[in-house]
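Worksheet: the structure to be examined is printed underneath.
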Amino acid sequence: MRTSSNPVFRNLPKQQGGGYATFGSATAGASQAATFGQHPGTQADPYTTQPAQRAMTIDDVVTKTGITLGVLSVTAIISYLLVSSNTDLAIPFVIGGGLIGFGLVMFATFGRKMDNKAIVLAYAAAEGVFLGALSLMFTGVEFGGVGGSALIGQAVLGTFGVFFGMLIVYKTGAIRVTPRLTRMVVGALIGVVVLMLGNLVASFFMEDGFGLRSGGPLAIIFSLVCIGIAAFSFLLDFDQADQLIRAQAPEKAAWGVALGLTITLVWLYVEILRLLSYFQND
């Protein structure tokens, strides 16, 4: 199984069985045979009368990703409205929501809890608080932002446009996910993270740090690079979800897929919103 650029996917259940279907097959997780009256999609457990959990399907991925994004969207709207009425909440919401979300991802990844529904939805709620406040800071005149809610709408449309565009690219096979492509995307992702951290540290000692977030030409190029890496990360994420369906991973693994896709969507949205704000400032 190829390694995803998204750390959440790397700790999801690995391939166990022989079925081989494509991403989008509703019966990809079904077992090929039933024994001793066993229904397809379950496995007998010699130590208990409870059947094993059914295999994951694309419907599970779509449903659980939709629920996760729904929780994120609702909390983001609430956060946006609260910060609109009390701007003192902006910084606590951004820092608190961001740190809690990051902590939950680290706990889920290293604690192998990616398929835990409560953790995934708690992450979505935390990121919703973060995104709602951050969006207002980027677009509200009281924070020196520009563009207003129209800019947020453009960023949302751009985010899902990239998402569905890369899904079409993956399903049509226009770009094949190979080990070489995986290494390239993972390497680029690591490089971008190092540059972000370096720019953050440099900003403590000089104005705008290395200029990666200053709004100038270098910042625009850097944001475009980040958007490109996030877009290609979707290909790896789709492939990993496909691999889990082929491997007949348990149904609850779809929560881990939802978490991984949401992480990439959040990053992509922030980068697109940031890029649009640069052009509004000009």
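Following the order of the structure tokens, first chain is A, next is B, and so on, with residues numbered from 1 inside each chain and ligands from 1 in the order they appear.
Excluding A:Ile152 itself and same-chain residues fewer than 2 positions from it, the residues having an atom within 9 Å of it are Ser135, Leu136, Phe138, Thr139, Gly147, Gly148, Ser149, Ala150, Gln154, Ala155, Val156, Leu157 and Leu273 of chain A, counting only C-alpha atoms.
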**Request:** Report the distance between atom CA of A:Leu69 and atom CA of A:Ala124 in Å, rounded to one decimal place.
**Result:** 7.0 Å
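Remark: for A:Ser214, the closest of the candidate residues A:Val83, A:Tyr278, A:Ile227, A:Leu235 is A:Tyr278 (distances computed over only C-alpha atoms).
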Backbone-only DSSP, helix (DSSP H, G or I) members of stretch 48-277 of chain A, as a short mmCIF file (atom, residue, chain, number, x, y, z; two decimals) with N, CA and C atoms, in the first residue's frame:
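Result went into selection26.cif, see below:
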data_model
loop_
_atom_site.label_atom_id
_atom_site.label_comp_id
_atom_site.auth_asym_id
_atom_site.auth_seq_id
_atom_site.Cartn_x
_atom_site.Cartn_y
_atom_site.Cartn_z
N ILE A 58 -17.56 2.98 -0.18
CA ILE A 58 -17.45 4.38 -0.55
C ILE A 58 -18.60 5.19 0.06
N ASP A 59 -19.77 4.56 0.25
CA ASP A 59 -20.88 5.26 0.88
C ASP A 59 -20.53 5.68 2.31
N ASP A 60 -19.79 4.82 3.01
CA ASP A 60 -19.36 5.17 4.36
C ASP A 60 -18.43 6.38 4.34
N VAL A 61 -17.51 6.41 3.37
CA VAL A 61 -16.58 7.53 3.26
C VAL A 61 -17.32 8.83 2.99
N VAL A 62 -18.26 8.79 2.04
CA VAL A 62 -19.01 9.99 1.67
C VAL A 62 -19.86 10.48 2.85
N THR A 63 -20.55 9.56 3.51
CA THR A 63 -21.43 9.93 4.62
C THR A 63 -20.66 10.53 5.78
N LYS A 64 -19.59 9.87 6.19
CA LYS A 64 -18.84 10.33 7.36
C LYS A 64 -18.05 11.61 7.06
N THR A 65 -17.58 11.75 5.83
CA THR A 65 -16.92 13.00 5.45
C THR A 65 -17.92 14.14 5.44
N GLY A 66 -19.13 13.87 4.95
CA GLY A 66 -20.18 14.88 4.94
C GLY A 66 -20.56 15.31 6.34
N ILE A 67 -20.68 14.36 7.27
CA ILE A 67 -21.01 14.69 8.66
C ILE A 67 -19.90 15.54 9.28
N THR A 68 -18.65 15.15 9.03
CA THR A 68 -17.51 15.88 9.58
C THR A 68 -17.48 17.32 9.07
N LEU A 69 -17.66 17.48 7.77
CA LEU A 69 -17.67 18.83 7.19
C LEU A 69 -18.88 19.63 7.65
N GLY A 70 -20.00 18.95 7.90
CA GLY A 70 -21.18 19.63 8.40
C GLY A 70 -20.94 20.23 9.78
N VAL A 71 -20.31 19.44 10.67
CA VAL A 71 -19.98 19.94 12.01
C VAL A 71 -19.01 21.11 11.91
N LEU A 72 -18.01 20.98 11.04
CA LEU A 72 -17.03 22.05 10.86
C LEU A 72 -17.72 23.33 10.37
N SER A 73 -18.61 23.20 9.40
CA SER A 73 -19.28 24.36 8.82
C SER A 73 -20.16 25.08 9.84
N VAL A 74 -20.91 24.31 10.62
CA VAL A 74 -21.81 24.91 11.61
C VAL A 74 -21.00 25.67 12.67
N THR A 75 -19.96 25.04 13.20
CA THR A 75 -19.17 25.71 14.22
C THR A 75 -18.41 26.91 13.65
N ALA A 76 -18.02 26.83 12.37
CA ALA A 76 -17.34 27.97 11.74
C ALA A 76 -18.29 29.16 11.63
N ILE A 77 -19.53 28.92 11.27
CA ILE A 77 -20.51 30.01 11.17
C ILE A 77 -20.77 30.62 12.54
N ILE A 78 -20.93 29.77 13.55
CA ILE A 78 -21.16 30.26 14.91
C ILE A 78 -19.96 31.09 15.38
N SER A 79 -18.76 30.58 15.13
CA SER A 79 -17.54 31.30 15.52
C SER A 79 -17.46 32.65 14.82
N TYR A 80 -17.76 32.67 13.54
CA TYR A 80 -17.73 33.92 12.76
C TYR A 80 -18.70 34.95 13.34
N LEU A 81 -19.90 34.50 13.68
CA LEU A 81 -20.91 35.42 14.21
C LEU A 81 -20.52 35.93 15.60
N LEU A 82 -19.96 35.05 16.43
CA LEU A 82 -19.54 35.46 17.77
C LEU A 82 -18.41 36.49 17.71
N VAL A 83 -17.45 36.25 16.83
CA VAL A 83 -16.33 37.19 16.70
C VAL A 83 -16.81 38.50 16.09
N SER A 84 -17.79 38.43 15.20
CA SER A 84 -18.35 39.66 14.62
C SER A 84 -18.94 40.56 15.68
N SER A 85 -19.58 39.94 16.68
CA SER A 85 -20.21 40.72 17.74
C SER A 85 -19.25 41.08 18.87
N THR A 87 -15.09 41.32 18.95
CA THR A 87 -13.79 41.10 18.29
C THR A 87 -12.70 40.63 19.25
N ASP A 88 -12.93 40.79 20.56
CA ASP A 88 -11.93 40.31 21.53
C ASP A 88 -11.81 38.79 21.52
N LEU A 89 -12.80 38.11 20.94
CA LEU A 89 -12.78 36.65 20.89
C LEU A 89 -11.91 36.11 19.75
N ALA A 90 -11.53 36.96 18.83
CA ALA A 90 -10.84 36.50 17.63
C ALA A 90 -9.56 35.74 17.94
N ILE A 91 -8.64 36.36 18.65
CA ILE A 91 -7.35 35.73 18.94
C ILE A 91 -7.51 34.46 19.77
N PRO A 92 -8.30 34.47 20.87
CA PRO A 92 -8.50 33.22 21.62
C PRO A 92 -9.10 32.10 20.78
N PHE A 93 -10.04 32.44 19.89
CA PHE A 93 -10.65 31.41 19.06
C PHE A 93 -9.64 30.83 18.06
N VAL A 94 -8.84 31.70 17.45
CA VAL A 94 -7.86 31.23 16.47
C VAL A 94 -6.80 30.36 17.15
N ILE A 95 -6.24 30.87 18.24
CA ILE A 95 -5.18 30.12 18.92
C ILE A 95 -5.74 28.87 19.59
N GLY A 96 -6.85 29.03 20.32
CA GLY A 96 -7.43 27.88 21.01
C GLY A 96 -7.92 26.80 20.06
N GLY A 97 -8.69 27.20 19.06
CA GLY A 97 -9.20 26.23 18.10
C GLY A 97 -8.09 25.54 17.33
N GLY A 98 -7.07 26.33 16.93
CA GLY A 98 -5.96 25.75 16.19
C GLY A 98 -5.17 24.76 17.02
N LEU A 99 -4.86 25.12 18.27
CA LEU A 99 -4.08 24.23 19.14
C LEU A 99 -4.85 22.97 19.51
N ILE A 100 -6.14 23.12 19.80
CA ILE A 100 -6.94 21.94 20.13
C ILE A 100 -7.05 21.01 18.93
N GLY A 101 -7.29 21.59 17.76
CA GLY A 101 -7.37 20.77 16.55
C GLY A 101 -6.08 20.04 16.29
N PHE A 102 -4.94 20.75 16.41
CA PHE A 102 -3.63 20.13 16.20
C PHE A 102 -3.39 19.02 17.22
N GLY A 103 -3.74 19.29 18.48
CA GLY A 103 -3.55 18.27 19.52
C GLY A 103 -4.38 17.02 19.26
N LEU A 104 -5.61 17.20 18.81
CA LEU A 104 -6.47 16.05 18.52
C LEU A 104 -5.93 15.22 17.36
N VAL A 105 -5.39 15.90 16.35
CA VAL A 105 -4.80 15.17 15.22
C VAL A 105 -3.59 14.37 15.68
N MET A 106 -2.73 14.98 16.50
CA MET A 106 -1.55 14.28 17.00
C MET A 106 -1.96 13.08 17.87
N PHE A 107 -2.98 13.28 18.71
CA PHE A 107 -3.45 12.19 19.56
C PHE A 107 -4.04 11.06 18.73
N ALA A 108 -4.84 11.43 17.72
CA ALA A 108 -5.45 10.42 16.87
C ALA A 108 -4.40 9.66 16.07
N THR A 109 -3.38 10.38 15.60
CA THR A 109 -2.36 9.75 14.75
C THR A 109 -1.46 8.81 15.55
N PHE A 110 -0.87 9.33 16.61
CA PHE A 110 0.10 8.53 17.36
C PHE A 110 -0.57 7.58 18.35
N LYS A 117 -14.91 8.16 16.27
CA LYS A 117 -15.90 9.15 15.83
C LYS A 117 -15.85 10.41 16.68
N ALA A 118 -15.74 10.24 18.01
CA ALA A 118 -15.75 11.40 18.90
C ALA A 118 -14.56 12.32 18.64
N ILE A 119 -13.39 11.74 18.41
CA ILE A 119 -12.19 12.54 18.16
C ILE A 119 -12.32 13.28 16.83
N VAL A 120 -12.81 12.60 15.81
CA VAL A 120 -12.95 13.22 14.49
C VAL A 120 -13.92 14.40 14.55
N LEU A 121 -15.06 14.22 15.20
CA LEU A 121 -16.04 15.30 15.27
C LEU A 121 -15.56 16.42 16.20
N ALA A 122 -14.81 16.08 17.25
CA ALA A 122 -14.25 17.12 18.11
C ALA A 122 -13.23 17.95 17.34
N TYR A 123 -12.44 17.28 16.48
CA TYR A 123 -11.50 18.00 15.63
C TYR A 123 -12.25 18.95 14.70
N ALA A 124 -13.33 18.46 14.10
CA ALA A 124 -14.11 19.29 13.18
C ALA A 124 -14.65 20.52 13.90
N ALA A 125 -15.13 20.35 15.13
CA ALA A 125 -15.67 21.48 15.89
C ALA A 125 -14.56 22.49 16.21
N ALA A 126 -13.40 21.99 16.64
CA ALA A 126 -12.28 22.87 16.97
C ALA A 126 -11.81 23.65 15.75
N GLU A 127 -11.70 22.96 14.62
CA GLU A 127 -11.27 23.64 13.39
C GLU A 127 -12.33 24.62 12.90
N GLY A 128 -13.59 24.32 13.17
CA GLY A 128 -14.64 25.27 12.82
C GLY A 128 -14.50 26.57 13.59
N VAL A 129 -14.20 26.47 14.87
CA VAL A 129 -13.96 27.67 15.69
C VAL A 129 -12.77 28.44 15.14
N PHE A 130 -11.72 27.71 14.81
CA PHE A 130 -10.50 28.32 14.26
C PHE A 130 -10.77 29.02 12.93
N LEU A 131 -11.44 28.32 12.01
CA LEU A 131 -11.67 28.88 10.67
C LEU A 131 -12.64 30.06 10.69
N GLY A 132 -13.66 29.99 11.53
CA GLY A 132 -14.62 31.08 11.59
C GLY A 132 -13.95 32.38 12.02
N ALA A 133 -13.14 32.30 13.07
CA ALA A 133 -12.44 33.49 13.56
C ALA A 133 -11.37 33.95 12.58
N LEU A 134 -10.63 33.00 12.02
CA LEU A 134 -9.56 33.36 11.08
C LEU A 134 -10.13 34.00 9.82
N SER A 135 -11.25 33.50 9.36
CA SER A 135 -11.88 34.06 8.16
C SER A 135 -12.27 35.51 8.37
N LEU A 136 -12.81 35.81 9.56
CA LEU A 136 -13.19 37.19 9.84
C LEU A 136 -11.96 38.08 9.94
N MET A 137 -10.87 37.55 10.50
CA MET A 137 -9.64 38.33 10.62
C MET A 137 -9.05 38.66 9.25
N PHE A 138 -9.20 37.74 8.31
CA PHE A 138 -8.69 37.98 6.96
C PHE A 138 -9.56 38.97 6.19
N THR A 139 -10.84 39.02 6.51
CA THR A 139 -11.76 39.79 5.67
C THR A 139 -12.40 40.98 6.37
N VAL A 141 -12.74 44.54 8.24
CA VAL A 141 -11.99 45.80 8.24
C VAL A 141 -11.47 46.12 9.63
N GLU A 142 -12.13 45.61 10.68
CA GLU A 142 -11.68 45.89 12.04
C GLU A 142 -10.34 45.22 12.35
N PHE A 143 -9.97 44.24 11.52
CA PHE A 143 -8.68 43.58 11.68
C PHE A 143 -7.71 43.95 10.57
N GLY A 148 -14.54 41.18 2.79
CA GLY A 148 -15.77 40.80 3.44
C GLY A 148 -16.17 39.35 3.19
N SER A 149 -17.47 39.07 3.41
CA SER A 149 -17.97 37.71 3.28
C SER A 149 -17.87 37.19 1.84
N ALA A 150 -17.84 38.09 0.86
CA ALA A 150 -17.71 37.65 -0.53
C ALA A 150 -16.40 36.92 -0.74
N LEU A 151 -15.35 37.37 -0.07
CA LEU A 151 -14.04 36.73 -0.19
C LEU A 151 -14.07 35.32 0.40
N ILE A 152 -14.80 35.17 1.49
CA ILE A 152 -14.94 33.85 2.11
C ILE A 152 -15.68 32.90 1.16
N GLY A 153 -16.74 33.41 0.54
CA GLY A 153 -17.48 32.59 -0.43
C GLY A 153 -16.60 32.15 -1.59
N GLN A 154 -15.76 33.06 -2.07
CA GLN A 154 -14.84 32.71 -3.16
C GLN A 154 -13.84 31.64 -2.72
N ALA A 155 -13.35 31.75 -1.49
CA ALA A 155 -12.41 30.77 -0.98
C ALA A 155 -13.05 29.39 -0.83
N VAL A 156 -14.31 29.37 -0.36
CA VAL A 156 -15.03 28.10 -0.22
C VAL A 156 -15.24 27.46 -1.59
N LEU A 157 -15.68 28.26 -2.56
CA LEU A 157 -15.89 27.73 -3.91
C LEU A 157 -14.57 27.22 -4.50
N GLY A 158 -13.51 27.98 -4.30
CA GLY A 158 -12.21 27.56 -4.81
C GLY A 158 -11.74 26.27 -4.18
N THR A 159 -11.98 26.12 -2.87
CA THR A 159 -11.56 24.91 -2.17
C THR A 159 -12.26 23.67 -2.71
N PHE A 160 -13.58 23.75 -2.83
CA PHE A 160 -14.32 22.58 -3.32
C PHE A 160 -14.13 22.39 -4.82
N GLY A 161 -13.83 23.47 -5.53
CA GLY A 161 -13.51 23.33 -6.95
C GLY A 161 -12.25 22.50 -7.14
N VAL A 162 -11.23 22.80 -6.34
CA VAL A 162 -9.98 22.02 -6.40
C VAL A 162 -10.24 20.58 -5.98
N PHE A 163 -11.01 20.40 -4.91
CA PHE A 163 -11.30 19.05 -4.41
C PHE A 163 -11.97 18.18 -5.48
N PHE A 164 -13.05 18.69 -6.06
CA PHE A 164 -13.77 17.89 -7.05
C PHE A 164 -12.98 17.77 -8.35
N GLY A 165 -12.19 18.79 -8.66
CA GLY A 165 -11.34 18.70 -9.84
C GLY A 165 -10.32 17.59 -9.71
N MET A 166 -9.69 17.48 -8.54
CA MET A 166 -8.70 16.42 -8.32
C MET A 166 -9.37 15.05 -8.22
N LEU A 167 -10.62 15.02 -7.74
CA LEU A 167 -11.35 13.75 -7.72
C LEU A 167 -11.59 13.25 -9.14
N ILE A 168 -11.95 14.17 -10.04
CA ILE A 168 -12.14 13.80 -11.45
C ILE A 168 -10.83 13.34 -12.06
N VAL A 169 -9.76 14.05 -11.75
CA VAL A 169 -8.43 13.66 -12.25
C VAL A 169 -8.08 12.26 -11.79
N TYR A 170 -8.38 11.96 -10.51
CA TYR A 170 -8.06 10.63 -9.97
C TYR A 170 -8.92 9.55 -10.62
N LYS A 171 -10.22 9.79 -10.72
CA LYS A 171 -11.12 8.77 -11.25
C LYS A 171 -10.88 8.49 -12.73
N THR A 172 -10.49 9.51 -13.48
CA THR A 172 -10.23 9.31 -14.90
C THR A 172 -8.82 8.76 -15.16
N PRO A 179 4.47 5.31 -6.65
CA PRO A 179 5.40 5.56 -5.54
C PRO A 179 6.26 6.79 -5.76
N ARG A 180 6.65 7.05 -7.01
CA ARG A 180 7.46 8.23 -7.28
C ARG A 180 6.68 9.51 -7.00
N LEU A 181 5.42 9.56 -7.45
CA LEU A 181 4.59 10.74 -7.19
C LEU A 181 4.39 10.92 -5.69
N THR A 182 4.18 9.82 -4.98
CA THR A 182 4.01 9.89 -3.54
C THR A 182 5.23 10.49 -2.86
N ARG A 183 6.41 10.03 -3.25
CA ARG A 183 7.64 10.56 -2.66
C ARG A 183 7.81 12.04 -2.96
N MET A 184 7.45 12.45 -4.16
CA MET A 184 7.58 13.85 -4.55
C MET A 184 6.65 14.74 -3.71
N VAL A 185 5.40 14.30 -3.55
CA VAL A 185 4.43 15.10 -2.79
C VAL A 185 4.82 15.16 -1.32
N VAL A 186 5.21 14.03 -0.76
CA VAL A 186 5.62 14.00 0.65
C VAL A 186 6.85 14.88 0.86
N GLY A 187 7.81 14.80 -0.06
CA GLY A 187 9.01 15.63 0.05
C GLY A 187 8.69 17.11 -0.03
N ALA A 188 7.79 17.46 -0.97
CA ALA A 188 7.39 18.87 -1.11
C ALA A 188 6.65 19.35 0.13
N LEU A 189 5.82 18.48 0.70
CA LEU A 189 5.08 18.84 1.91
C LEU A 189 6.02 19.11 3.07
N ILE A 190 7.00 18.25 3.23
CA ILE A 190 7.98 18.45 4.31
C ILE A 190 8.74 19.76 4.10
N GLY A 191 9.11 20.03 2.86
CA GLY A 191 9.82 21.27 2.56
C GLY A 191 9.00 22.50 2.89
N VAL A 192 7.71 22.46 2.56
CA VAL A 192 6.84 23.60 2.83
C VAL A 192 6.68 23.81 4.34
N VAL A 193 6.53 22.73 5.08
CA VAL A 193 6.39 22.84 6.54
C VAL A 193 7.65 23.45 7.14
N VAL A 194 8.81 23.02 6.68
CA VAL A 194 10.07 23.56 7.19
C VAL A 194 10.17 25.06 6.88
N LEU A 195 9.78 25.45 5.68
CA LEU A 195 9.81 26.86 5.31
C LEU A 195 8.85 27.68 6.17
N MET A 196 7.66 27.14 6.43
CA MET A 196 6.70 27.85 7.28
C MET A 196 7.26 28.07 8.67
N LEU A 197 7.85 27.03 9.25
CA LEU A 197 8.41 27.15 10.58
C LEU A 197 9.58 28.12 10.59
N GLY A 198 10.42 28.05 9.56
CA GLY A 198 11.54 28.97 9.45
C GLY A 198 11.09 30.41 9.33
N ASN A 199 10.02 30.63 8.53
CA ASN A 199 9.49 31.98 8.38
C ASN A 199 8.91 32.49 9.69
N LEU A 200 8.26 31.59 10.45
CA LEU A 200 7.69 31.98 11.73
C LEU A 200 8.79 32.40 12.71
N VAL A 201 9.84 31.61 12.79
CA VAL A 201 10.95 31.93 13.68
C VAL A 201 11.62 33.24 13.25
N ALA A 202 11.82 33.41 11.94
CA ALA A 202 12.47 34.62 11.43
C ALA A 202 11.64 35.86 11.70
N SER A 203 10.30 35.70 11.75
CA SER A 203 9.43 36.86 11.98
C SER A 203 9.61 37.43 13.39
N PRO A 217 5.18 39.49 -3.95
CA PRO A 217 5.30 38.46 -5.00
C PRO A 217 5.77 37.10 -4.47
N LEU A 218 6.73 37.11 -3.54
CA LEU A 218 7.21 35.85 -2.97
C LEU A 218 6.11 35.14 -2.20
N ALA A 219 5.32 35.91 -1.47
CA ALA A 219 4.21 35.32 -0.70
C ALA A 219 3.16 34.72 -1.62
N ILE A 220 2.89 35.39 -2.74
CA ILE A 220 1.92 34.87 -3.70
C ILE A 220 2.40 33.56 -4.30
N ILE A 221 3.68 33.51 -4.65
CA ILE A 221 4.26 32.28 -5.21
C ILE A 221 4.21 31.16 -4.19
N PHE A 222 4.53 31.48 -2.93
CA PHE A 222 4.53 30.45 -1.89
C PHE A 222 3.13 29.90 -1.67
N SER A 223 2.12 30.77 -1.66
CA SER A 223 0.74 30.30 -1.49
C SER A 223 0.30 29.42 -2.66
N LEU A 224 0.70 29.79 -3.87
CA LEU A 224 0.37 28.97 -5.04
C LEU A 224 1.02 27.59 -4.94
N VAL A 225 2.25 27.56 -4.45
CA VAL A 225 2.93 26.27 -4.26
C VAL A 225 2.19 25.42 -3.23
N CYS A 226 1.80 26.05 -2.12
CA CYS A 226 1.05 25.33 -1.09
C CYS A 226 -0.27 24.78 -1.63
N ILE A 227 -0.97 25.59 -2.42
CA ILE A 227 -2.23 25.14 -3.01
C ILE A 227 -1.99 23.95 -3.94
N GLY A 228 -0.92 24.02 -4.73
CA GLY A 228 -0.59 22.92 -5.62
C GLY A 228 -0.28 21.63 -4.86
N ILE A 229 0.48 21.74 -3.77
CA ILE A 229 0.81 20.55 -2.97
C ILE A 229 -0.44 19.97 -2.33
N ALA A 230 -1.31 20.85 -1.80
CA ALA A 230 -2.56 20.38 -1.19
C ALA A 230 -3.42 19.66 -2.23
N ALA A 231 -3.46 20.19 -3.45
CA ALA A 231 -4.25 19.57 -4.51
C ALA A 231 -3.73 18.16 -4.83
N PHE A 232 -2.42 18.03 -4.96
CA PHE A 232 -1.85 16.71 -5.24
C PHE A 232 -1.98 15.77 -4.04
N SER A 233 -2.05 16.34 -2.84
CA SER A 233 -2.25 15.51 -1.66
C SER A 233 -3.60 14.80 -1.73
N PHE A 234 -4.60 15.46 -2.35
CA PHE A 234 -5.90 14.81 -2.51
C PHE A 234 -5.77 13.52 -3.31
N LEU A 235 -4.93 13.52 -4.34
CA LEU A 235 -4.75 12.29 -5.13
C LEU A 235 -4.27 11.15 -4.26
N LEU A 236 -3.30 11.44 -3.39
CA LEU A 236 -2.79 10.41 -2.50
C LEU A 236 -3.83 9.98 -1.49
N ASP A 237 -4.64 10.94 -1.02
CA ASP A 237 -5.69 10.61 -0.06
C ASP A 237 -6.77 9.75 -0.70
N PHE A 238 -7.16 10.08 -1.93
CA PHE A 238 -8.16 9.27 -2.64
C PHE A 238 -7.63 7.85 -2.85
N ASP A 239 -6.36 7.75 -3.22
CA ASP A 239 -5.76 6.44 -3.46
C ASP A 239 -5.72 5.63 -2.17
N GLN A 240 -5.41 6.28 -1.05
CA GLN A 240 -5.37 5.57 0.21
C GLN A 240 -6.75 5.08 0.62
N ALA A 241 -7.79 5.91 0.39
CA ALA A 241 -9.15 5.48 0.67
C ALA A 241 -9.53 4.30 -0.22
N ASP A 242 -9.11 4.36 -1.47
CA ASP A 242 -9.36 3.27 -2.40
C ASP A 242 -8.72 1.98 -1.91
N GLN A 243 -7.48 2.10 -1.43
CA GLN A 243 -6.75 0.93 -0.93
C GLN A 243 -7.47 0.32 0.27
N LEU A 244 -8.01 1.16 1.15
CA LEU A 244 -8.71 0.65 2.33
C LEU A 244 -9.99 -0.09 1.94
N ILE A 245 -10.69 0.42 0.93
CA ILE A 245 -11.89 -0.25 0.46
C ILE A 245 -11.53 -1.60 -0.15
N ARG A 246 -10.47 -1.62 -0.95
CA ARG A 246 -10.03 -2.89 -1.55
C ARG A 246 -9.60 -3.88 -0.48
N ALA A 253 -13.27 2.60 9.82
CA ALA A 253 -12.08 3.24 9.25
C ALA A 253 -12.45 4.44 8.39
N ALA A 254 -13.71 4.52 7.96
CA ALA A 254 -14.16 5.66 7.15
C ALA A 254 -14.06 6.96 7.93
N TRP A 255 -14.13 6.89 9.26
CA TRP A 255 -13.95 8.11 10.06
C TRP A 255 -12.53 8.63 9.92
N GLY A 256 -11.56 7.73 9.83
CA GLY A 256 -10.18 8.15 9.62
C GLY A 256 -9.99 8.78 8.25
N VAL A 257 -10.65 8.25 7.24
CA VAL A 257 -10.59 8.84 5.91
C VAL A 257 -11.20 10.24 5.93
N ALA A 258 -12.33 10.37 6.62
CA ALA A 258 -12.98 11.69 6.75
C ALA A 258 -12.06 12.68 7.43
N LEU A 259 -11.36 12.24 8.47
CA LEU A 259 -10.42 13.12 9.18
C LEU A 259 -9.30 13.56 8.26
N GLY A 260 -8.72 12.63 7.53
CA GLY A 260 -7.62 12.97 6.63
C GLY A 260 -8.02 13.94 5.54
N LEU A 261 -9.17 13.71 4.94
CA LEU A 261 -9.64 14.61 3.89
C LEU A 261 -9.96 15.99 4.45
N THR A 262 -10.52 16.04 5.65
CA THR A 262 -10.86 17.32 6.26
C THR A 262 -9.61 18.14 6.57
N ILE A 263 -8.55 17.49 7.03
CA ILE A 263 -7.29 18.18 7.30
C ILE A 263 -6.78 18.86 6.04
N THR A 264 -6.80 18.14 4.93
CA THR A 264 -6.32 18.70 3.67
C THR A 264 -7.22 19.83 3.20
N LEU A 265 -8.54 19.67 3.35
CA LEU A 265 -9.48 20.72 2.95
C LEU A 265 -9.28 22.00 3.77
N VAL A 266 -9.04 21.85 5.06
CA VAL A 266 -8.82 23.02 5.91
C VAL A 266 -7.57 23.77 5.47
N TRP A 267 -6.49 23.04 5.23
CA TRP A 267 -5.25 23.67 4.79
C TRP A 267 -5.45 24.38 3.45
N LEU A 268 -6.13 23.72 2.52
CA LEU A 268 -6.36 24.30 1.20
C LEU A 268 -7.20 25.57 1.31
N TYR A 269 -8.25 25.54 2.12
CA TYR A 269 -9.11 26.72 2.29
C TYR A 269 -8.32 27.91 2.83
N VAL A 270 -7.50 27.67 3.85
CA VAL A 270 -6.71 28.76 4.44
C VAL A 270 -5.76 29.36 3.42
N GLU A 271 -5.12 28.51 2.61
CA GLU A 271 -4.17 29.01 1.61
C GLU A 271 -4.88 29.80 0.51
N ILE A 272 -6.04 29.33 0.08
CA ILE A 272 -6.79 30.06 -0.96
C ILE A 272 -7.29 31.38 -0.40
N LEU A 273 -7.81 31.38 0.83
CA LEU A 273 -8.28 32.61 1.45
C LEU A 273 -7.13 33.61 1.59
N ARG A 274 -5.98 33.13 2.00
CA ARG A 274 -4.81 34.00 2.15
C ARG A 274 -4.40 34.59 0.80
N LEU A 275 -4.38 33.74 -0.23
CA LEU A 275 -3.99 34.21 -1.56
C LEU A 275 -4.96 35.27 -2.08
N LEU A 276 -6.26 35.04 -1.93
CA LEU A 276 -7.26 36.01 -2.37
C LEU A 276 -7.12 37.33 -1.62
N SER A 277 -6.77 37.26 -0.34
CA SER A 277 -6.61 38.48 0.44
C SER A 277 -5.42 39.31 -0.06
#
**Request:** Figure out the distance between atom CA of A:Met206 and atom CA of A:Gly140, please, to one decimal in Å.
**Result:** 26.0 Å
**Prompt:** Mind pulling up the distance from atom CA of A:Arg54 to atom CA of A:Ala247?
**Reply:** 12.2 Å
